[in-house]
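> Dumping the structure here so I can ask a few things about it.
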Protein chains: 2
Amino acid sequence: MKSDLECLYCLLKQGLNTARMATQDRTLQREILNRISRLVPEADLSLTPAELSRKVYEIVSQVTGVSDPFRQAKEQSNREALSLLPRLEKLVAASEDRLSTALHLAVAGNIIDIGIGHAYDLSKDVIAILNTPFAVDDSADFKKEARAGRRLLYVGDNAGEIVFDRVLVQELVRAALQVIFAVKGGPVINDATMEDAEKAGIAKLVPTITTGAADIGVNLGHVSAEFLSALESADVVLAKGHGNFETLSGQPYNIYFLLKAKCEVVSRELGVKIGDIVFKKKINSLPFGK
Amino acid sequence: MKSDLECLYCLLKQGLNTARMATQDRTLQREILNRISRLVPEADLSLTPAELSRKVYEIVSQVTGVSDPFRQAKEQSNREALSLLPRLEKLVAASEDRLSTALHLAVAGNIIDIGIGHAYDLSKDVIAILNTPFAVDDSADFKKEARAGRRLLYVGDNAGEIVFDRVLVQELVRAALQVIFAVKGGPVINDATMEDAEKAGIAKLVPTITTGAADIGVNLGHVSAEFLSALESADVVLAKGHGNFETLSGQPYNIYFLLKAKCEVVSRELGVKIGDIVFKKKINSLPFGK
């Protein structure tokens with residue numbers, strides 16, 4: 001999907017949030033915002049929001065010298081989420097529709113998104129989302145496609161959230177799908193990397209690969225041959241979160257997007273309200289079209 | 001109060017929202033955001049947020065040639081609010097604590113703030129706020145001070161909201177206070193002007209003056225002698241909304257601020273959460289201090 005005018009002020013919003021993660025020095029925080037403001041007149045809104053904001057994170061690293069500002073936050077998210085894991089697994093075990101509950105839990109994990117600075121209260125928000133219907137719900141289609149033996153590529157999103165993904169992956173494995181899990185090839189915002197997949201116990205559960213790149217979402221021009229092959233050969237792709245939706249929604253694969261809509265631009269693209277949860281199948285008939 | 005780093009991206013957010021009110025032309029909207037982005041590196045955060053964002057509205061008018069982009073929105077807010085007036089008056093009449101109900105209604109009116117682009121659902125939000133306690137509640141002090149014969153200057157905020165203010169003004173008049181109501185001297189965002197005070201029926205109810213200026217909030221360097229005299233001679237000032245809080249909270253008057261906290265910076269200054277409603281007495285002991 002393309003960017004929109006709101007993405008321009010969101011560059012500064014993301015920049016401030018990340019700057020505060022990287023440094024307490026207010027002068028450096030201000031310098032970061034000043035530099036980002038100079039990107040605005042040149043910003044190309046035909047890029048995806050994920051591509052557009054890439055430079056924000058580069059500026060933060062350049063100005064502060066901190067290459068992974070969310071490192072501590074990611075570790076804390078993993079710990080918090082792991083402490084909830086036994087409860088999450090019990091919720092699924094006690095459910096009449098295990099897959100539906102696991103899908104809701106996986107999207108509940110998507111509230112862990114420190115990048116853009118949304119506040120959340122984990123255990124409270126989890127319960128609320130379990131009782132929230134999807135504003136777009138293609139889970140009936142998904143259940144038909146998610147059959148034994150099918151190859152499913154699960155494109156993860158954030159650290160912490162990946163523990164919730166594990167619960168859904170367990171259900172998919174239980175249904176005898178062949179699951180491959182993908183994380184980022186390097187640190188970007190609070191996105192999960194191989195280290196997080198190991199901490200969450202996913203890497204022991206299913207084959208886990210990286211995209212081969214440290215882009216927000218998935219930039220097909222940068223991914224590894226291994227990731228591209230997994231994408232091309234998957235019967236079904238399940239992609240979590242904003243970044244993956246922004247970058248993959250125009251691509252010609254059989255993708256289900258599972259996310260909470262967190263901003264005006266993505267909500268508008270999905271035809272939902274901010275805060276809605278979505279499980280949407282989107283196949284783009286035009287190869288590489290927008 | 002001073003501005004903070006969040007105010008920098010809010011400049012662009014306010015600019016986009018206002019640009020969309022003024023024109024459908026996307027090229028002009030983009031030009032407005034580009035120009036605002038160039039303000040960021042030079043922006044002086046020791047100014048109040050209200051002063052800081054003043055230039056945003058000037059840029060929108062310069063680029064579009066529209067001097068009062070919120071004109072239609074203000075008229076619609078007035079109409080919507082006036083259609084609720086009989087119900088608001090019944091709520092007060094049926095209340096055990098009429099003043100408290102009128103204070104809550106007046107802050108409910110403060111949800112009408114199109115300027116920064118917050119969504120609201122008027123009648124639903126009114127009922128919700130009636131049942132919401134103030135996060136900071138100095139109404140006990142206010143009730144002691146709001147006695148018969150006392151001079152109260154009521155500094156209004158937005159169009160539409162001014163109809164809700166009327167309900168509170170009626171209660172203050174009923175308690176035999178000498179109320180003067182102040183509106184803006186000219187159009188700025190969706191702030192109420194004399195035209196709105198007339199439409200809301202306030203101008204017939206109590207002496208109504210203007211600040212003499214078209215600033216966001218109140219800039220004491222720009223106000224008329226009439227307004228300054230009303231401010232100096234008031235026993236109590238009741239100031240509505242963000243703009244008035246931002247600009248008057250450092251001034252040495254006996255001011256009660258009645259508002260809903262709508263952004264991080266004002267919430268932080270007030271020690272409350274975004275969305276909280278506040279009725280706060282704030283006297284600054286340092287004349288003209290910050």
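To be explicit about the labels: the chains of the structure tokens are called A, B, and onward in the order shown, and within each one the residues are counted from 1, while ligands get numbers from 1 in the order they are shown.
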Report as a list in words the set of chain A residues whose atoms approach chain B to within 8 Å, with distances computed over only C-alpha atoms.
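Every residue of chain A that passes the 8 Å test is in Leu5, Glu6, Leu8, Tyr9, Cys10, Leu12, Lys13, Leu16, Arg30, Leu33, Asn34, Arg35, Ser37, Arg38, Val40 and Pro41 of chain A.
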> Please provide the set of residues having any atom within 9 Å of A:Lys262, restricted to only C-alpha atoms, with same-chain residues fewer than 4 positions apart removed, written as a count of residues only.
10
> Hey, what's within 7 Å of stretch 130-140 of chain A if we count only C-alpha atoms and toss same-chain stuff fewer than 5 positions away? As a PyMOL selection string, please?
chain A and resi 101+104-105+272+276-281
> Using only C-alpha atoms, which residues sit within 8 Å of A:Ile209 once same-chain residues fewer than 2 positions away are excluded, as a PyMOL selection string?
chain A and resi 180-183+194+207+211+226-227
> Enumerate, as a PyMOL selection string, the complete set of residues in stretch 27-226 of chain A that a backbone-based DSSP assignment places in alpha helix (DSSP H).
chain A and resi 27-37+49-64+71-93+98-109+122-130+139-145+161-174+194-199+202-205+225-226
